[in-house]
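Chemist: Before anything else, here's the structure in question.
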Amino acid sequence: MAVQERYDTRPFGPDITAGTGVQLLILEALRRVVGLSTVGWLTGCVFAVATWVVLTVALRRSWTPSFGMANRVTLARTILVGGVTALVADSFERRTPVAVLVALAAVALILDAVDGQVARRTGTVTPLGARFDMEVDAFLILVLCVYLVLPLGPWVLCIGLMRYVFVAASWVWPWLSGALPHSMARKTVAALQGVVLVVAGAGVLPRPAAALAVSGALALLVWSFGRDVGWLWRVRGLAGGPAAAGGRNRAEEGLPAMSRRAGPDR
């Protein structure tokens, strides 16, 4: 009975349901205020349903005793990312209100520094919270890359897809799943990706300058991933594998040091 109660997701139901409801309200507001198209609205609805399903399944599999304030902050970020996703889908049919898209994305990025602080100060750091935070970060970066495909070209997707390619590669080469030591450079490069993509998407830079800035961000990301892959390769044969060296698992972490709520990088 005790085990069943610990896995019971009913305490989380109101949070997840409320988050889904707020997401739908945001989409309706976007439809009425900025004329969100049917494609954008449906895309946002699919995102909301997918979030509800994934969170429900994750909570059933975790030992988290409560949803917690930090996860509520991350859920708020998820709702903002849902709005960005809807607007990006809309951008392939008509001109998107850039100011609204940039505002939603910028607030989502700013709140990335909040949920981790809340988790640490309230003593609610959990693997589930860290993974939730990371997945929201990674998906936002991918969506912003999709938005920049039209003005800059499909090569921009390399930034958003790199994390997912790394995870897929770790299924083939398990040594890539090893833990990494703390690195401020990795954290800085990760934070830079979102900032550069938002600035490029805002249209405040001439297209050549935006392309140059995004290219620089991509080069730094390739360097960061390459450095970590090289480190994991060098320590793969050590006793206990890479995990013996301490640090965090980059395949679980996603974009370098994107997660703020688990591991020594905090």
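Order determines the names: the first chain of the structure tokens is A, the second B, and so forth; residues in each chain are numbered 1 upward, and ligands are numbered 1 upward as they are shown.
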Quick one: residues within 9 Å of Ile159 in chain A, only C-alpha atoms counted, chain neighbours fewer than 2 positions away excluded, as a list in words?
Modeler: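 What passes the distance filter is Ile141, Leu142, Cys145, Trp155, Val156, Leu157, Leu161, Met162, Arg163, Gln193, Val214, Ala217, Leu218, Leu221 and Val222 of chain A.
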Chemist: DSSP on the backbone, then: every residue of range 87-154 of chain A marked helix (DSSP H, G or I), written as an MDAnalysis selection string.
Modeler: chainID A and resid 87:91 98:121 127:147 149:152 154
Chemist: Which residues are near Asn71 in chain A? Cut-off 8 Å, only C-alpha atoms, ignore same chain within fewer than 5 positions. Put them as a PyMOL selection string.
Modeler: chain A and resi 115+129+132
Chemist: With C-alpha atoms retained, could you export that selection as a compact mmCIF listing (two decimals), in the first residue's frame?
Modeler:
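Once written, again-v4.txt looks like this:
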# COMPACT_ATOMS: atom_id res chain seq x y z
CA ASP A 115 13.21 26.83 -11.11
CA GLY A 129 12.63 17.90 -11.88
CA PHE A 132 11.70 18.01 -16.81
Chemist: List the neighbours of Ala48 in chain A out to 9 Å using only C-alpha atoms; skip same-chain residues closer than 2 positions along the sequence, and give me the result as number ranges by chain.
Modeler: A: 19-21, 23-24, 43-46, 50-53, 78-79, 82
Chemist: Could you dump the residues just selected with C-alpha atoms as an mmCIF file, in the first residue's frame?
Modeler:
data_model
loop_
_atom_site.group_PDB
_atom_site.id
_atom_site.type_symbol
_atom_site.label_atom_id
_atom_site.label_comp_id
_atom_site.auth_asym_id
_atom_site.auth_seq_id
_atom_site.Cartn_x
_atom_site.Cartn_y
_atom_site.Cartn_z
ATOM 1 C CA GLY A 19 -1.212 23.613 -16.590
ATOM 2 C CA THR A 20 -3.090 22.118 -19.530
ATOM 3 C CA GLY A 21 -5.993 24.501 -18.927
ATOM 4 C CA GLN A 23 -2.005 26.358 -22.001
ATOM 5 C CA LEU A 24 -5.374 26.251 -23.778
ATOM 6 C CA THR A 43 -0.084 22.511 -32.870
ATOM 7 C CA GLY A 44 -0.337 24.155 -29.476
ATOM 8 C CA CYS A 45 -3.127 21.776 -28.458
ATOM 9 C CA VAL A 46 -1.037 18.778 -29.471
ATOM 10 C CA ALA A 50 1.667 15.614 -25.130
ATOM 11 C CA THR A 51 2.912 17.509 -22.066
ATOM 12 C CA TRP A 52 0.031 16.179 -19.979
ATOM 13 C CA VAL A 53 0.664 12.583 -21.093
ATOM 14 C CA THR A 78 6.442 24.716 -20.553
ATOM 15 C CA ILE A 79 3.261 26.713 -21.118
ATOM 16 C CA GLY A 82 3.782 25.834 -25.978
#
Chemist: Given the choices A:Val81, A:Leu220, A:Ala213, A:Ala58, which gets closest to Arg186 in chain A if the distance is worked out from only C-alpha atoms?
Modeler: A:Leu220
Chemist: May I ask which of the residues A:Ser37, A:Thr56, A:Gln117, A:Thr126 is the closest one to Thr96 in chain A, counting only C-alpha atoms?
Modeler: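 Between A:Ser37, A:Thr56, A:Gln117, A:Thr126, the residue approaching Thr96 in chain A most closely is A:Ser37.
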Chemist: Can you tell me which residues surround Val114 in chain A at a distance of at most 9 Å, considering only C-alpha atoms, apart from same-chain residues fewer than 3 positions away, and format the answer as number ranges by chain?
Modeler: A: 70, 73-74, 110-111, 117-119
Chemist: How would the residues just chosen look if you wrote them out with all heavy atoms as a PDB file, in the first residue's frame?
Modeler:
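That gives us out06.pdb:
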ATOM      1  N   ALA A  70       9.128  24.194  -7.556  1.00  0.00           N
ATOM      2  CA  ALA A  70      10.089  24.264  -8.652  1.00  0.00           C
ATOM      3  C   ALA A  70       9.506  23.671  -9.927  1.00  0.00           C
ATOM      4  O   ALA A  70       9.655  24.235 -11.025  1.00  0.00           O
ATOM      5  CB  ALA A  70      11.371  23.525  -8.272  1.00  0.00           C
ATOM      6  N   VAL A  73       7.163  26.067 -11.530  1.00  0.00           N
ATOM      7  CA  VAL A  73       7.857  27.083 -12.331  1.00  0.00           C
ATOM      8  C   VAL A  73       8.222  26.501 -13.699  1.00  0.00           C
ATOM      9  O   VAL A  73       8.045  27.146 -14.738  1.00  0.00           O
ATOM     10  CB  VAL A  73       9.116  27.591 -11.608  1.00  0.00           C
ATOM     11  CG1 VAL A  73       9.894  28.560 -12.494  1.00  0.00           C
ATOM     12  CG2 VAL A  73       8.744  28.266 -10.298  1.00  0.00           C
ATOM     13  N   THR A  74       8.738  25.273 -13.698  1.00  0.00           N
ATOM     14  CA  THR A  74       9.076  24.624 -14.963  1.00  0.00           C
ATOM     15  C   THR A  74       7.832  24.399 -15.811  1.00  0.00           C
ATOM     16  O   THR A  74       7.873  24.528 -17.039  1.00  0.00           O
ATOM     17  CB  THR A  74       9.779  23.276 -14.712  1.00  0.00           C
ATOM     18  OG1 THR A  74      10.885  23.469 -13.829  1.00  0.00           O
ATOM     19  CG2 THR A  74      10.307  22.683 -16.021  1.00  0.00           C
ATOM     20  N   ILE A 110      14.504  33.179 -19.147  1.00  0.00           N
ATOM     21  CA  ILE A 110      14.814  33.809 -17.861  1.00  0.00           C
ATOM     22  C   ILE A 110      14.387  32.912 -16.703  1.00  0.00           C
ATOM     23  O   ILE A 110      15.112  32.746 -15.709  1.00  0.00           O
ATOM     24  CB  ILE A 110      14.125  35.188 -17.767  1.00  0.00           C
ATOM     25  CG1 ILE A 110      14.759  36.154 -18.766  1.00  0.00           C
ATOM     26  CG2 ILE A 110      14.224  35.742 -16.348  1.00  0.00           C
ATOM     27  CD1 ILE A 110      14.016  37.461 -18.910  1.00  0.00           C
ATOM     28  N   LEU A 111      13.206  32.314 -16.823  1.00  0.00           N
ATOM     29  CA  LEU A 111      12.700  31.447 -15.760  1.00  0.00           C
ATOM     30  C   LEU A 111      13.537  30.175 -15.606  1.00  0.00           C
ATOM     31  O   LEU A 111      13.411  29.484 -14.594  1.00  0.00           O
ATOM     32  CB  LEU A 111      11.242  31.077 -16.031  1.00  0.00           C
ATOM     33  CG  LEU A 111      10.218  32.186 -15.823  1.00  0.00           C
ATOM     34  CD1 LEU A 111       8.819  31.692 -16.172  1.00  0.00           C
ATOM     35  CD2 LEU A 111      10.255  32.702 -14.387  1.00  0.00           C
ATOM     36  N   GLN A 117      16.852  27.458  -8.730  1.00  0.00           N
ATOM     37  CA  GLN A 117      17.047  28.148  -7.453  1.00  0.00           C
ATOM     38  C   GLN A 117      15.947  27.771  -6.464  1.00  0.00           C
ATOM     39  O   GLN A 117      16.206  27.531  -5.281  1.00  0.00           O
ATOM     40  CB  GLN A 117      17.044  29.665  -7.686  1.00  0.00           C
ATOM     41  CG  GLN A 117      18.254  30.189  -8.424  1.00  0.00           C
ATOM     42  CD  GLN A 117      19.515  30.127  -7.599  1.00  0.00           C
ATOM     43  OE1 GLN A 117      19.467  30.131  -6.366  1.00  0.00           O
ATOM     44  NE2 GLN A 117      20.661  30.038  -8.260  1.00  0.00           N
ATOM     45  N   VAL A 118      14.716  27.718  -6.950  1.00  0.00           N
ATOM     46  CA  VAL A 118      13.591  27.355  -6.085  1.00  0.00           C
ATOM     47  C   VAL A 118      13.764  25.938  -5.551  1.00  0.00           C
ATOM     48  O   VAL A 118      13.549  25.660  -4.363  1.00  0.00           O
ATOM     49  CB  VAL A 118      12.257  27.475  -6.843  1.00  0.00           C
ATOM     50  CG1 VAL A 118      11.104  26.908  -6.023  1.00  0.00           C
ATOM     51  CG2 VAL A 118      11.986  28.929  -7.200  1.00  0.00           C
ATOM     52  N   ALA A 119      14.184  25.014  -6.447  1.00  0.00           N
ATOM     53  CA  ALA A 119      14.360  23.624  -6.030  1.00  0.00           C
ATOM     54  C   ALA A 119      15.418  23.496  -4.945  1.00  0.00           C
ATOM     55  O   ALA A 119      15.243  22.770  -3.958  1.00  0.00           O
ATOM     56  CB  ALA A 119      14.728  22.765  -7.239  1.00  0.00           C
TER      57      ALA A 119
END
Chemist: Which one is closest to Thr17 in chain A: A:Leu205, A:Leu197, A:Val49, A:Ala169? Count only C-alpha atoms.
Modeler: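 Looking at the shortest contact to Thr17 in chain A, the residue is A:Val49.
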Chemist: Nearest residue to Val33 in chain A out of A:Leu176, A:Ala210, A:Val229, A:Val100, using only C-alpha atoms?
Modeler: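 Among A:Leu176, A:Ala210, A:Val229, A:Val100, it is A:Val100 that comes nearest to Val33 in chain A.
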Chemist: Measure the distance from CA of Ala29 in chain A to CA of Val143 in chain A in Å and round it to one decimal.
Modeler: 20.4 Å
Chemist: Just want the 9 Å neighbourhood of range 104-107 of chain A, counted on only C-alpha atoms, with same-chain residues fewer than 4 positions away dropped. Output as a PDB file with C-alpha atoms, in the first residue's frame.
Modeler:
ATOM      1  CA  ARG A  77       7.966  27.646 -18.689  1.00  0.00           C
ATOM      2  CA  LEU A  80       5.305  29.580 -22.570  1.00  0.00           C
ATOM      3  CA  VAL A  81       7.166  27.135 -24.814  1.00  0.00           C
ATOM      4  CA  GLY A  83       2.862  29.359 -27.032  1.00  0.00           C
ATOM      5  CA  VAL A  84       6.181  29.728 -28.873  1.00  0.00           C
ATOM      6  CA  ALA A  99       7.391  40.696 -30.500  1.00  0.00           C
ATOM      7  CA  VAL A 100       4.996  38.213 -28.906  1.00  0.00           C
ATOM      8  CA  LEU A 111      12.700  31.447 -15.760  1.00  0.00           C
ATOM      9  CA  ASP A 112      15.255  28.711 -16.488  1.00  0.00           C
ATOM     10  CA  LEU A 140      12.615  25.408 -26.783  1.00  0.00           C
ATOM     11  CA  LEU A 144      13.589  28.445 -32.057  1.00  0.00           C
ATOM     12  CA  GLY A 194      19.046  30.424 -26.343  1.00  0.00           C
ATOM     13  CA  VAL A 195      20.146  34.067 -26.132  1.00  0.00           C
ATOM     14  CA  VAL A 198      16.123  34.742 -29.515  1.00  0.00           C
TER      15      VAL A 198
END
Chemist: Mind listing the strand (DSSP E) residues of range 15-261 of chain A, per DSSP on the backbone, as a list in words?
Modeler: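 Everything in range 15-261 of chain A that counts as strand (DSSP E) is Ala179, Leu180, Arg248 and Asn249 of chain A.
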Chemist: Using N, CA and C atoms, can you write the selected residues to a file as a PDB file, in the first residue's frame?
Modeler:
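As written to disk, part-v9.pdb reads:
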ATOM      1  N   ALA A 179      29.208   9.978 -17.051  1.00  0.00           N
ATOM      2  CA  ALA A 179      29.064  11.261 -16.359  1.00  0.00           C
ATOM      3  C   ALA A 179      30.229  12.179 -16.715  1.00  0.00           C
ATOM      4  N   LEU A 180      29.937  13.473 -16.734  1.00  0.00           N
ATOM      5  CA  LEU A 180      30.931  14.480 -17.066  1.00  0.00           C
ATOM      6  C   LEU A 180      31.252  15.339 -15.847  1.00  0.00           C
ATOM      7  N   ARG A 248      28.098  14.640 -14.404  1.00  0.00           N
ATOM      8  CA  ARG A 248      26.748  14.385 -14.856  1.00  0.00           C
ATOM      9  C   ARG A 248      26.733  13.672 -16.203  1.00  0.00           C
ATOM     10  N   ASN A 249      25.661  12.985 -16.439  1.00  0.00           N
ATOM     11  CA  ASN A 249      25.459  12.252 -17.671  1.00  0.00           C
ATOM     12  C   ASN A 249      24.962  13.206 -18.743  1.00  0.00           C
TER      13      ASN A 249
END
Chemist: Given only C-alpha atoms as the basis, pick out the residue of A:Ala89, A:Val204, A:Leu101, A:Ala191 nearest to Leu150 in chain A.
Modeler: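 Smallest distance to Leu150 in chain A is found for A:Ala89.
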